[in-house]
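**Q** Please find data-v4.txt (compact mmCIF, C-alpha atoms) on the next line:
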# COMPACT_ATOMS: atom_id res chain seq x y z
CA MET A 37 -137.63 63.34 92.03
CA PRO A 38 -134.03 62.24 92.60
CA SER A 39 -133.23 58.57 92.22
CA ILE A 40 -132.40 57.12 95.62
CA LYS A 41 -130.86 53.76 96.35
CA ILE A 42 -129.88 52.57 99.80
CA TYR A 43 -127.61 49.65 100.65
CA THR A 44 -128.44 48.03 103.97
CA THR A 45 -128.39 44.91 106.12
CA PRO A 46 -131.45 43.74 108.09
CA THR A 47 -129.74 44.13 111.47
CA CYS A 48 -128.05 47.51 111.32
CA PRO A 49 -129.78 50.16 113.43
CA TYR A 50 -128.69 53.07 111.27
CA CYS A 51 -130.12 51.33 108.19
CA ILE A 52 -133.51 51.23 109.85
CA ARG A 53 -133.21 54.87 110.86
CA VAL A 54 -132.24 56.00 107.39
CA LYS A 55 -135.21 54.14 105.88
CA ASP A 56 -137.59 55.63 108.48
CA TYR A 57 -136.18 59.06 107.77
CA LEU A 58 -136.73 58.77 104.01
CA LYS A 59 -140.27 57.47 104.59
CA GLU A 60 -140.91 60.44 106.87
CA LYS A 61 -139.78 62.71 104.05
CA ASN A 62 -142.17 60.92 101.69
CA VAL A 63 -139.48 60.11 99.16
CA SER A 64 -139.39 56.77 97.41
CA PHE A 65 -136.22 54.72 97.33
CA GLU A 66 -134.84 51.41 96.22
CA SER A 67 -133.40 49.26 99.00
CA VAL A 68 -130.67 46.66 98.46
CA ASP A 69 -130.03 44.06 101.18
CA VAL A 70 -126.29 43.50 100.81
CA SER A 71 -126.31 40.52 103.19
CA SER A 72 -128.20 38.45 100.64
CA ASP A 73 -127.42 40.24 97.38
CA GLU A 74 -123.77 39.59 96.48
CA ALA A 75 -123.87 41.74 93.32
CA GLY A 76 -125.44 44.54 95.36
CA LEU A 77 -122.65 44.25 97.93
CA GLN A 78 -119.96 44.48 95.25
CA GLU A 79 -121.72 47.49 93.76
CA MET A 80 -121.86 49.18 97.19
CA ILE A 81 -118.15 48.59 97.78
CA LYS A 82 -117.33 49.90 94.31
CA VAL A 83 -119.36 53.11 94.56
CA SER A 84 -118.51 53.93 98.19
CA GLY A 85 -114.97 52.52 98.48
CA GLN A 86 -115.80 50.96 101.86
CA MET A 87 -117.84 48.18 103.51
CA GLY A 88 -119.92 49.92 106.17
CA VAL A 89 -123.70 50.17 105.96
CA PRO A 90 -125.86 52.07 105.32
CA VAL A 91 -124.80 53.71 102.08
CA VAL A 92 -127.23 56.16 100.50
CA LYS A 93 -126.90 56.95 96.81
CA ILE A 94 -128.82 60.05 95.71
CA ASP A 95 -128.44 60.47 91.95
CA GLY A 96 -124.65 60.35 91.60
CA ASP A 97 -123.80 61.30 95.19
CA ILE A 98 -122.71 58.78 97.80
CA ILE A 99 -123.41 59.27 101.50
CA VAL A 100 -121.90 56.76 103.93
CA GLY A 101 -123.75 56.31 107.22
CA PHE A 102 -126.92 58.06 108.37
CA ASP A 103 -125.87 61.62 107.71
CA LYS A 104 -129.08 63.59 107.98
CA ALA A 105 -127.57 66.95 107.07
CA ARG A 106 -126.09 65.63 103.83
CA ILE A 107 -129.27 63.77 102.91
CA ASP A 108 -131.27 66.97 103.44
CA GLU A 109 -128.79 68.92 101.35
CA LYS A 110 -128.97 66.45 98.42
CA LEU A 111 -132.76 66.29 98.60
CA GLY A 112 -132.90 70.06 98.72
CA CYS A 113 -135.15 70.17 101.77
CA MET B 17 -132.47 79.05 131.35
CA LEU B 18 -133.35 75.35 131.37
CA ASP B 19 -133.61 73.32 134.57
CA LEU B 20 -131.78 70.36 133.15
CA ILE B 21 -129.89 69.00 130.16
CA ILE B 22 -129.60 65.26 129.70
CA VAL B 23 -126.55 64.30 127.63
CA GLY B 24 -127.13 61.00 125.84
CA ALA B 25 -130.19 58.87 125.03
CA GLY B 26 -129.26 55.32 125.86
CA PRO B 27 -131.16 53.47 128.60
CA ALA B 28 -129.88 55.89 131.29
CA GLY B 29 -130.64 59.10 129.39
CA ILE B 30 -134.04 57.97 128.12
CA THR B 31 -135.16 56.76 131.53
CA ALA B 32 -134.03 60.07 133.03
CA ALA B 33 -136.01 61.91 130.32
CA VAL B 34 -139.18 59.90 131.02
CA TYR B 35 -138.98 60.76 134.73
CA ALA B 36 -138.14 64.40 133.99
CA ALA B 37 -141.12 64.71 131.64
CA ARG B 38 -143.46 63.27 134.26
CA LYS B 39 -142.10 65.76 136.79
CA ARG B 40 -142.76 68.53 134.24
CA MET B 41 -139.20 69.74 134.39
CA ASP B 42 -137.97 72.21 131.80
CA PHE B 43 -135.32 70.10 130.15
CA LEU B 44 -133.56 69.20 126.93
CA VAL B 45 -131.98 65.96 125.70
CA VAL B 46 -128.87 66.39 123.55
CA THR B 47 -127.63 63.19 121.94
CA GLU B 48 -125.82 61.67 119.03
CA ASP B 49 -128.19 58.71 118.75
CA ILE B 50 -131.15 56.99 120.37
CA GLY B 51 -130.67 53.73 122.20
CA GLY B 52 -126.89 53.97 122.56
CA GLN B 53 -125.12 50.65 122.86
CA THR B 54 -128.48 48.91 123.43
CA ALA B 55 -129.40 49.43 119.77
CA LEU B 56 -126.22 47.62 118.78
CA SER B 57 -126.71 44.65 121.11
CA ALA B 58 -127.80 41.35 119.66
CA ASP B 59 -130.18 39.37 121.88
CA VAL B 60 -131.22 40.66 125.28
CA GLU B 61 -132.57 38.02 127.65
CA ASN B 62 -132.12 39.72 131.01
CA TYR B 63 -134.21 42.89 130.84
CA THR B 64 -137.09 42.22 133.22
CA GLY B 65 -140.45 42.03 131.49
CA TYR B 66 -138.99 40.75 128.25
CA GLN B 67 -137.93 37.11 128.23
CA PHE B 68 -136.36 37.75 124.86
CA ILE B 69 -135.93 40.92 122.83
CA THR B 70 -133.29 42.13 120.40
CA GLY B 71 -131.26 45.19 121.37
CA GLN B 72 -132.72 46.99 118.38
CA GLU B 73 -136.31 46.29 119.46
CA LEU B 74 -135.62 47.28 123.05
CA ALA B 75 -134.11 50.57 121.84
CA GLU B 76 -137.28 51.14 119.79
CA LYS B 77 -139.42 50.50 122.89
CA PHE B 78 -137.33 53.06 124.79
CA GLU B 79 -137.80 55.59 122.01
CA GLU B 80 -141.58 54.97 121.86
CA HIS B 81 -141.78 55.52 125.60
CA LEU B 82 -139.83 58.78 125.30
CA LYS B 83 -142.10 59.98 122.50
CA GLN B 84 -145.18 59.59 124.74
CA PHE B 85 -144.08 62.92 126.11
CA ASP B 86 -143.44 66.24 124.45
CA VAL B 87 -139.68 66.12 124.98
CA GLN B 88 -137.28 68.64 123.50
CA LEU B 89 -134.82 66.39 121.76
CA LYS B 90 -131.66 67.40 119.89
CA ARG B 91 -130.77 64.29 117.97
CA ASP B 92 -127.70 63.69 115.78
CA GLU B 93 -125.98 66.27 117.95
CA ALA B 94 -122.99 64.71 119.67
CA VAL B 95 -122.03 66.78 122.71
CA GLN B 96 -118.50 68.07 122.38
CA ARG B 97 -117.92 69.84 125.67
CA ILE B 98 -119.61 70.78 128.92
CA GLU B 99 -118.49 74.01 130.47
CA LYS B 100 -119.02 75.69 133.84
CA ALA B 101 -120.79 79.01 133.50
CA PRO B 102 -120.80 81.85 136.03
CA ARG B 103 -123.87 81.85 138.31
CA GLY B 104 -123.40 78.10 138.98
CA SER B 105 -125.00 76.97 135.74
CA PHE B 106 -123.54 74.87 132.91
CA ILE B 107 -123.25 75.23 129.14
CA VAL B 108 -123.45 72.16 126.91
CA HIS B 109 -121.81 72.60 123.51
CA SER B 110 -122.71 70.36 120.58
CA LYS B 111 -121.68 70.73 116.94
CA ASN B 112 -124.91 72.62 116.26
CA GLY B 113 -125.42 74.79 119.30
CA SER B 114 -124.86 75.68 122.93
CA TYR B 115 -127.44 75.22 125.65
CA GLU B 116 -127.47 76.40 129.26
CA ALA B 117 -129.04 74.71 132.27
CA ARG B 118 -128.85 74.74 136.03
CA ALA B 119 -128.13 71.01 136.18
CA VAL B 120 -126.74 68.40 133.77
CA ILE B 121 -127.00 64.62 133.72
CA VAL B 122 -124.06 63.09 131.85
CA ALA B 123 -125.32 59.81 130.40
CA SER B 124 -123.00 59.63 127.42
CA GLY B 125 -122.18 55.93 127.66
CA ARG B 126 -119.21 54.20 126.13
CA ARG B 127 -117.64 53.53 122.74
CA PRO B 128 -115.64 50.54 121.48
CA ARG B 129 -111.98 50.37 122.42
CA TRP B 130 -109.56 50.41 119.49
CA LEU B 131 -106.72 47.94 119.08
CA ASP B 132 -104.29 50.73 118.31
CA VAL B 133 -102.30 48.76 115.74
CA LYS B 134 -101.03 49.61 112.27
CA GLY B 135 -103.68 49.41 109.55
CA GLU B 136 -106.63 49.64 111.93
CA ALA B 137 -107.61 53.26 111.31
CA GLU B 138 -106.84 53.05 107.58
CA LEU B 139 -109.03 49.96 107.08
CA ARG B 140 -111.89 50.98 109.34
CA ASN B 141 -115.15 50.21 107.51
CA LYS B 142 -113.00 48.51 104.89
CA GLY B 143 -113.17 45.23 106.68
CA VAL B 144 -112.37 46.44 110.20
CA THR B 145 -115.53 46.81 112.25
CA TYR B 146 -116.56 47.33 115.86
CA CYS B 147 -120.16 46.18 115.42
CA ALA B 148 -120.84 42.57 114.50
CA THR B 149 -124.59 43.19 114.66
CA CYS B 150 -124.33 45.95 112.05
CA ASP B 151 -121.68 44.75 109.67
CA GLY B 152 -121.64 40.99 110.25
CA PRO B 153 -124.00 40.05 107.39
CA ILE B 154 -121.63 41.62 104.85
CA PHE B 155 -119.11 38.85 105.48
CA LEU B 156 -121.29 36.02 104.19
CA LYS B 157 -119.14 32.94 103.48
CA LYS B 158 -115.94 34.92 104.13
CA THR B 159 -113.11 34.22 106.57
CA VAL B 160 -112.98 36.64 109.48
CA ALA B 161 -111.11 37.23 112.70
CA VAL B 162 -112.77 38.21 115.95
CA ILE B 163 -110.36 39.84 118.39
CA GLY B 164 -111.06 39.53 122.10
CA GLY B 165 -111.77 36.89 124.71
CA GLY B 166 -114.69 38.16 126.77
CA ASN B 167 -118.45 38.00 126.35
CA SER B 168 -118.64 40.60 123.58
CA ALA B 169 -116.06 38.69 121.52
CA LEU B 170 -117.93 35.44 122.14
CA ASP B 171 -121.20 37.13 121.18
CA ALA B 172 -119.68 38.42 117.92
CA THR B 173 -118.28 34.93 117.21
CA LEU B 174 -121.68 33.32 117.80
CA GLN B 175 -123.31 35.82 115.44
CA MET B 176 -120.67 35.16 112.77
CA MET B 177 -120.96 31.36 113.06
CA ASN B 178 -124.18 31.55 111.03
CA ILE B 179 -122.65 33.83 108.41
CA ALA B 180 -118.92 33.38 107.88
CA ALA B 181 -117.14 30.36 106.36
CA LYS B 182 -114.43 30.36 109.02
CA ILE B 183 -113.67 32.38 112.12
CA TYR B 184 -110.38 32.89 113.93
CA LEU B 185 -110.93 33.96 117.53
CA ILE B 186 -107.80 35.86 118.57
CA ASN B 187 -107.50 35.87 122.34
CA LEU B 188 -104.72 37.68 124.17
CA ASN B 189 -105.10 35.52 127.30
CA PRO B 190 -104.17 31.83 127.75
CA SER B 191 -107.85 30.83 127.87
CA LEU B 192 -111.21 32.34 126.90
CA GLY B 193 -113.26 34.28 129.42
CA GLY B 194 -116.99 34.90 129.14
CA ASP B 195 -119.94 32.64 129.87
CA PRO B 196 -119.41 28.86 129.67
CA ILE B 197 -122.67 28.42 127.69
CA MET B 198 -121.26 30.62 124.90
CA ARG B 199 -117.83 28.97 124.95
CA GLU B 200 -119.42 25.53 124.62
CA LYS B 201 -121.41 26.59 121.54
CA ILE B 202 -118.27 28.01 119.93
CA GLN B 203 -116.17 24.94 120.68
CA ALA B 204 -118.88 22.66 119.26
CA SER B 205 -119.29 24.57 116.00
CA GLY B 206 -116.25 23.28 114.09
CA LYS B 207 -116.05 26.62 112.30
CA VAL B 208 -114.05 28.50 114.90
CA GLU B 209 -110.30 28.25 115.44
CA VAL B 210 -109.41 29.70 118.83
CA LEU B 211 -105.88 31.15 119.04
CA ASN B 212 -104.98 31.76 122.69
CA SER B 213 -102.09 33.89 123.99
CA ALA B 214 -102.12 35.64 120.60
CA THR B 215 -101.26 39.31 120.13
CA THR B 216 -102.53 41.28 117.15
CA LEU B 217 -99.74 43.24 115.50
CA GLU B 218 -101.21 44.67 112.32
CA VAL B 219 -104.23 44.70 110.05
CA LEU B 220 -103.05 43.98 106.52
CA GLY B 221 -104.53 45.18 103.26
CA ALA B 222 -104.23 47.82 100.56
CA LYS B 223 -107.77 49.03 99.89
CA PHE B 224 -109.62 46.47 101.99
CA VAL B 225 -108.69 44.02 104.73
CA GLU B 226 -106.68 41.10 103.34
CA GLY B 227 -105.16 39.70 106.49
CA LEU B 228 -104.18 39.94 110.09
CA ARG B 229 -100.64 39.68 111.47
CA ILE B 230 -100.46 38.07 114.89
CA GLU B 231 -97.78 36.83 117.25
CA GLN B 232 -98.19 33.61 119.18
CA ALA B 233 -95.50 32.01 121.36
CA GLY B 234 -92.86 34.31 119.89
CA ARG B 235 -93.77 33.46 116.30
CA MET B 236 -95.27 35.79 113.78
CA ARG B 237 -98.07 34.55 111.58
CA ASP B 238 -100.28 36.12 108.88
CA LEU B 239 -103.88 34.96 108.66
CA ALA B 240 -105.80 35.52 105.43
CA VAL B 241 -109.07 37.20 106.47
CA GLN B 242 -111.50 39.61 104.82
CA GLY B 243 -113.03 40.92 108.01
CA VAL B 244 -111.71 41.92 111.43
CA PHE B 245 -114.15 42.32 114.33
CA VAL B 246 -112.59 44.22 117.21
CA GLU B 247 -114.31 43.24 120.48
CA ILE B 248 -111.86 44.21 123.20
CA GLY B 249 -114.14 46.19 125.45
CA SER B 250 -115.03 49.83 125.56
CA VAL B 251 -113.98 53.20 126.90
CA PRO B 252 -116.22 55.78 128.61
CA ASN B 253 -117.34 58.88 126.71
CA SER B 254 -116.20 61.08 129.57
CA ASP B 255 -113.84 63.46 127.74
CA ILE B 256 -116.68 65.94 127.23
CA VAL B 257 -116.48 67.00 130.87
CA ASP B 258 -113.03 67.78 132.22
CA PHE B 259 -113.85 69.27 135.63
CA VAL B 260 -115.32 66.26 137.47
CA ALA B 261 -113.46 63.51 139.30
CA LYS B 262 -112.77 60.30 137.36
CA ASN B 263 -111.17 56.97 138.21
CA GLU B 264 -108.16 55.39 136.47
CA ALA B 265 -110.40 53.99 133.73
CA ARG B 266 -111.61 57.57 133.01
CA GLU B 267 -115.08 56.71 134.35
CA ILE B 268 -116.88 59.50 136.16
CA ILE B 269 -116.98 58.87 139.90
CA VAL B 270 -120.54 58.87 141.18
CA ASP B 271 -122.02 58.60 144.66
CA ASN B 272 -125.14 56.64 145.54
CA LEU B 273 -127.32 59.66 144.70
CA ASN B 274 -125.70 59.92 141.23
CA ARG B 275 -123.85 63.10 142.20
CA THR B 276 -120.37 63.88 140.90
CA ASP B 277 -117.97 65.99 142.97
CA VAL B 278 -119.37 69.09 141.24
CA PRO B 279 -122.80 70.23 142.54
CA GLY B 280 -125.27 70.31 139.64
CA ILE B 281 -123.47 67.70 137.53
CA PHE B 282 -125.11 64.31 137.84
CA THR B 283 -124.21 61.19 135.91
CA ALA B 284 -125.67 57.78 135.11
CA GLY B 285 -125.07 54.61 133.14
CA ASP B 286 -121.97 53.15 131.55
CA VAL B 287 -119.95 56.39 131.64
CA THR B 288 -119.84 56.11 135.46
CA ASP B 289 -117.76 53.96 137.80
CA VAL B 290 -120.83 51.90 138.77
CA PRO B 291 -119.40 48.41 138.31
CA GLU B 292 -122.04 46.49 136.38
CA LYS B 293 -122.46 47.64 132.77
CA GLN B 294 -125.94 46.32 132.11
CA ILE B 295 -128.92 47.84 130.26
CA ILE B 296 -131.19 47.42 133.26
CA VAL B 297 -128.60 48.91 135.64
CA ALA B 298 -128.14 51.92 133.35
CA ALA B 299 -131.91 52.46 133.20
CA GLY B 300 -132.18 52.33 137.00
CA GLU B 301 -129.25 54.70 137.42
CA GLY B 302 -130.92 57.09 134.95
CA ALA B 303 -134.02 57.18 137.15
CA LYS B 304 -131.95 57.81 140.28
CA SER B 305 -129.97 60.57 138.62
CA VAL B 306 -132.99 62.61 137.59
CA LEU B 307 -134.63 62.25 141.00
CA GLY B 308 -131.35 63.50 142.47
CA ALA B 309 -131.25 66.40 140.02
CA PHE B 310 -134.88 67.26 140.83
CA ARG B 311 -134.08 67.39 144.54
CA TYR B 312 -130.98 69.50 143.88
CA LEU B 313 -132.92 72.01 141.76
CA SER B 314 -135.64 72.42 144.37
CA GLN B 315 -132.97 73.10 146.99
CA ILE B 316 -131.04 75.75 145.05
CA SER B 317 -134.09 77.72 143.90
What would the structure in this file look like if it were written as structure tokens?

**A**
Amino acid sequence: MPSIKIYTTPTCPYCIRVKDYLKEKNVSFESVDVSSDEAGLQEMIKVSGQMGVPVVKIDGDIIVGFDKARIDEKLGC
Amino acid sequence: MLDLIIVGAGPAGITAAVYAARKRMDFLVVTEDIGGQTALSADVENYTGYQFITGQELAEKFEEHLKQFDVQLKRDEAVQRIEKAPRGSFIVHSKNGSYEARAVIVASGRRPRWLDVKGEAELRNKGVTYCATCDGPIFLKKTVAVIGGGNSALDATLQMMNIAAKIYLINLNPSLGGDPIMREKIQASGKVEVLNSATTLEVLGAKFVEGLRIEQAGRMRDLAVQGVFVEIGSVPNSDIVDFVAKNEAREIIVDNLNRTDVPGIFTAGDVTDVPEKQIIVAAGEGAKSVLGAFRYLSQIS
């Protein structure tokens, strides 16, 4: 199983969609709420080079936004 | 060939799809997202039946309603172009495919208007944002600028009052527009500095937003901010169809039966020249458009 971490805020619609999508795929993931976790926010900015949410980190790969095609590609399904 | 393609799945497109499903039409919905601008709205207090609902929740209700039916839905497929085909039909091209139908409802909505200043494109998602609901929480205890003077700017400012340390509200006009109830809350907060008759010249920053250069009364001034919220209205997503009549604002001109000047192309919601851009108006227009399309299809066959 790949290690998946997603950086989100509670109010962003695409964050909710990306979480729903991963649940649909039955993959487990770690979720970081960057609106309350300052260290998590800094980490997100560092790894993605930008401030938009959601950011999906699959192993070493960074996907900004809800990009279904790239998530599928990295998950190999 | 399909009877109908609905382009977009905001309140207009989804309502059209619900009606089309109940009429057992052979149709397809092609859309970039579900909910459109509704999903990005903060609090909705004027959609009949809900005294209070967030835009996100209302968009989820729309989606649930749509999923009651076995609807062919192409999601994450932004439509790029609609083309006239021989035989009086139409071809809808998205990044993933092309689909043909005898009628099309264009319900592609609107997108935020850009400032069109230096630094804006370069620092997009690096402090420049067009969605306070989405990105607002990232600017906890930071100093931000909201640009605009209408209800959407006031709404973004109200959202940020609970999050940011300080907010500059940069208004091009001599006084703020929008609803008095919102203006009063902003003026009472003590956190917001309203700069009237102020023009934005440039977004400053190397890797991320560091400031905003404005001009006020002939004087240039740099404000130190970490976030810039652009709330200066929106533009219609009407470029995808180049053969229908539009007004000066590039909105598609629609008659009271939701027809364009091209038989078979119908339109509904915020992409049209219908004056009130409201969720409930868009939903109603969506219903009208599909009933119009249904009537048209029964006449041509």

**Q** Sorted by chain and rising residue number, which residues of chain B lie within 10 Å of chain A, and what are their closest atom pairs and distances in Å to one decimal, counting all atoms listed in the file, as a tab-separated table?

**A**
residue	atom	partner	partner_atom	distance
B:Asp49	CA	A:Tyr50	CA	9.4
B:Ile50	CA	A:Pro49	CA	9.8
B:Gly51	CA	A:Pro49	CA	9.5
B:Ala55	CA	A:Pro49	CA	6.4
B:Leu56	CA	A:Pro49	CA	6.9
B:Ser57	CA	A:Pro49	CA	9.9
B:Ala58	CA	A:Thr47	CA	8.9
B:Thr70	CA	A:Thr47	CA	9.8
B:Gly71	CA	A:Pro49	CA	9.5
B:Gln72	CA	A:Pro49	CA	6.6
B:Glu73	CA	A:Pro49	CA	9.7
B:Ala75	CA	A:Pro49	CA	9.5
B:Glu76	CA	A:Pro49	CA	9.9
B:Asp92	CA	A:Lys104	CA	7.9
B:Leu139	CA	A:Gln86	CA	8.6
B:Arg140	CA	A:Gln86	CA	8.4
B:Asn141	CA	A:Gly88	CA	5.0
B:Lys142	CA	A:Gln86	CA	4.8
B:Gly143	CA	A:Met87	CA	6.4
B:Val144	CA	A:Met87	CA	8.8
B:Thr145	CA	A:Gly88	CA	8.1
B:Cys147	CA	A:Cys48	CA	9.0
B:Ala148	CA	A:Cys48	CA	9.3
B:Thr149	CA	A:Thr47	CA	6.1
B:Cys150	CA	A:Cys48	CA	4.1
B:Asp151	CA	A:Gly88	CA	6.5
B:Gly152	CA	A:Ser71	CA	8.5
B:Pro153	CA	A:Ser71	CA	4.8
B:Ile154	CA	A:Ser71	CA	5.1
B:Phe155	CA	A:Ser71	CA	7.7
B:Leu156	CA	A:Ser71	CA	6.8
B:Ile179	CA	A:Ser71	CA	9.2
B:Lys223	CA	A:Gly85	CA	8.1
B:Phe224	CA	A:Gln86	CA	7.6
B:Gly243	CA	A:Met87	CA	9.8

**Q** If you keep C-alpha atoms, can you produce a file of those selected residues as a PDB file, keeping the file's coordinate frame?

**A**
ATOM      1  CA  ASP B  49    -128.190  58.710 118.750  1.00  0.00           C
ATOM      2  CA  ILE B  50    -131.150  56.990 120.370  1.00  0.00           C
ATOM      3  CA  GLY B  51    -130.670  53.730 122.200  1.00  0.00           C
ATOM      4  CA  ALA B  55    -129.400  49.430 119.770  1.00  0.00           C
ATOM      5  CA  LEU B  56    -126.220  47.620 118.780  1.00  0.00           C
ATOM      6  CA  SER B  57    -126.710  44.650 121.110  1.00  0.00           C
ATOM      7  CA  ALA B  58    -127.800  41.350 119.660  1.00  0.00           C
ATOM      8  CA  THR B  70    -133.290  42.130 120.400  1.00  0.00           C
ATOM      9  CA  GLY B  71    -131.260  45.190 121.370  1.00  0.00           C
ATOM     10  CA  GLN B  72    -132.720  46.990 118.380  1.00  0.00           C
ATOM     11  CA  GLU B  73    -136.310  46.290 119.460  1.00  0.00           C
ATOM     12  CA  ALA B  75    -134.110  50.570 121.840  1.00  0.00           C
ATOM     13  CA  GLU B  76    -137.280  51.140 119.790  1.00  0.00           C
ATOM     14  CA  ASP B  92    -127.700  63.690 115.780  1.00  0.00           C
ATOM     15  CA  LEU B 139    -109.030  49.960 107.080  1.00  0.00           C
ATOM     16  CA  ARG B 140    -111.890  50.980 109.340  1.00  0.00           C
ATOM     17  CA  ASN B 141    -115.150  50.210 107.510  1.00  0.00           C
ATOM     18  CA  LYS B 142    -113.000  48.510 104.890  1.00  0.00           C
ATOM     19  CA  GLY B 143    -113.170  45.230 106.680  1.00  0.00           C
ATOM     20  CA  VAL B 144    -112.370  46.440 110.200  1.00  0.00           C
ATOM     21  CA  THR B 145    -115.530  46.810 112.250  1.00  0.00           C
ATOM     22  CA  CYS B 147    -120.160  46.180 115.420  1.00  0.00           C
ATOM     23  CA  ALA B 148    -120.840  42.570 114.500  1.00  0.00           C
ATOM     24  CA  THR B 149    -124.590  43.190 114.660  1.00  0.00           C
ATOM     25  CA  CYS B 150    -124.330  45.950 112.050  1.00  0.00           C
ATOM     26  CA  ASP B 151    -121.680  44.750 109.670  1.00  0.00           C
ATOM     27  CA  GLY B 152    -121.640  40.990 110.250  1.00  0.00           C
ATOM     28  CA  PRO B 153    -124.000  40.050 107.390  1.00  0.00           C
ATOM     29  CA  ILE B 154    -121.630  41.620 104.850  1.00  0.00           C
ATOM     30  CA  PHE B 155    -119.110  38.850 105.480  1.00  0.00           C
ATOM     31  CA  LEU B 156    -121.290  36.020 104.190  1.00  0.00           C
ATOM     32  CA  ILE B 179    -122.650  33.830 108.410  1.00  0.00           C
ATOM     33  CA  LYS B 223    -107.770  49.030  99.890  1.00  0.00           C
ATOM     34  CA  PHE B 224    -109.620  46.470 101.990  1.00  0.00           C
ATOM     35  CA  GLY B 243    -113.030  40.920 108.010  1.00  0.00           C
TER      36      GLY B 243
END

**Q** Can you find the residues with an atom no farther than 6 Å from (-129.2, 64.2, 124.0), counting all atoms listed in the file, and report them as a list in words?

**A**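 So the residues meeting the distance criterion are Ile22, Val23, Gly24, Ala25, Val45, Val46, Thr47 and Lys90 of chain B.
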
**Q** Report as a PyMOL selection string all protein, DNA and RNA residues lying within 12 Å of Asp286 (chain B), evaluated on all atoms listed in the file, omitting residues in the same chain fewer than 3 positions from it.

**A** chain B and resi 24-29+52-54+122-127+250-254+265-270+283+289-302

**Q** Do you know which residues are at most 9 Å from region 227-233 of chain B counting all atoms listed in the file, after dropping those on the same chain fewer than 6 positions away, and could you put them as a short mmCIF file (atom, residue, chain, number, x, y, z; two decimals) with C-alpha atoms, in the coordinates of the input?

**A**
data_model
loop_
_atom_site.label_atom_id
_atom_site.label_comp_id
_atom_site.auth_asym_id
_atom_site.auth_seq_id
_atom_site.Cartn_x
_atom_site.Cartn_y
_atom_site.Cartn_z
CA VAL B 160 -112.98 36.64 109.48
CA ALA B 161 -111.11 37.23 112.70
CA ILE B 186 -107.80 35.86 118.57
CA LEU B 211 -105.88 31.15 119.04
CA ASN B 212 -104.98 31.76 122.69
CA SER B 213 -102.09 33.89 123.99
CA ALA B 214 -102.12 35.64 120.60
CA THR B 215 -101.26 39.31 120.13
CA THR B 216 -102.53 41.28 117.15
CA LEU B 217 -99.74 43.24 115.50
CA GLU B 218 -101.21 44.67 112.32
CA VAL B 219 -104.23 44.70 110.05
CA LEU B 220 -103.05 43.98 106.52
CA GLY B 221 -104.53 45.18 103.26
CA LEU B 239 -103.88 34.96 108.66
CA ALA B 240 -105.80 35.52 105.43
CA VAL B 241 -109.07 37.20 106.47
CA GLN B 242 -111.50 39.61 104.82
CA GLY B 243 -113.03 40.92 108.01
CA VAL B 244 -111.71 41.92 111.43
#

**Q** Skip Gly308 (chain B) itself and residues of its chain fewer than 3 positions away, then list as a ChimeraX atom specification all residues within 12 Å of it, counting all atoms listed in the file.

**A** /B:20,32,35-36,119-121,270-276,279-284,301-305,311-315

**Q** What's the separation between CA of Phe85 (chain B) and CA of Arg40 (chain B), in Å to one decimal place?

**A**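 One can read the CA of Phe85 (chain B) to CA of Arg40 (chain B) distance as 10.0 Å.
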
**Q** Closest to His81 (chain B) among B:Val108, B:Ile69, B:Ala33, B:Leu185, using all atoms listed in the file?

**A**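 That would be B:Ala33, the residue with the smallest distance to His81 (chain B).
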
**Q** Closest to Glu80 (chain B) among B:Val225, B:Val34, B:Val287, B:Val60, using only C-alpha atoms?

**A** B:Val34

**Q** Work out how far apart CA of Ser39 (chain A) and CA of Val54 (chain A) are and give it in Å to one decimal.

**A**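 Between these atoms lies a distance of 15.4 Å.
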
**Q** In terms of the shortest atom-to-atom distance over all atoms listed in the file, which of B:Leu44, B:Leu82, B:Val133, B:Ile197 is closest to Thr31 (chain B)?

**A** B:Leu82

**Q** How far is it from CA of Lys55 (chain A) to CA of Phe68 (chain B), in Å with one decimal?

**A** 25.1 Å

**Q** Check the smallest atom-to-atom distance from each of B:Ile163, B:Ala172, B:Ile183, B:Leu74 to Asn62 (chain B) using all atoms listed in the file, then report the winner.

**A**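 Comparing B:Ile163, B:Ala172, B:Ile183, B:Leu74 against Asn62 (chain B), the winner is B:Leu74.
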
**Q** Can you work out which one of B:Val278, B:Ala117, B:Leu89, B:Ala309 has the shortest atom-to-atom distance to Asp19 (chain B), counting only C-alpha atoms?

**A** B:Ala117

**Q** Please provide the set of residues having any atom within 7 Å of Ile40 (chain A), restricted to only C-alpha atoms, with same-chain residues fewer than 5 positions apart removed, written as a list in words.

**A**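 Returned residues: Phe65, Glu66, Lys93, Ile94 and Asp95 of chain A.
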
**Q** Could you list, as a list in words, every residue within 6 Å of Glu48 (chain B), counting only C-alpha atoms and ignoring same-chain residues fewer than 3 positions away?

**A** Arg91, Asp92, Glu93 and Ala94 of chain B

**Q** Smallest atom-to-atom distance to Met198 (chain B): which of B:Val306, B:Val246, B:Ala169, B:Leu131, using only C-alpha atoms?

**A**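 Counting only C-alpha atoms, the residue closest to Met198 (chain B) is B:Ala169.
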
**Q** Show me, as AutoDock Vina command-line options, the centre and edge lengths in Å to one decimal of the axis-aligned box that covers every listed atom of region 76-91 of chain B with 8 Å on each side.

**A**
--center_x -138.0 --center_y 59.6 --center_z 122.0 --size_x 30.4 --size_y 34.1 --size_z 24.1

**Q** Around (-132.7, 77.3, 132.9) in the file's frame, which residues reach within 10 Å when counting only C-alpha atoms? Return as a list of chain:residue names?

**A**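 Residues lying no farther than 10 Å from the given point: B:Met17, B:Leu18, B:Asp19, B:Leu20, B:Ile21, B:Asp42, B:Phe43, B:Ser105, B:Phe106, B:Tyr115, B:Glu116, B:Ala117, B:Arg118, B:Ala119.
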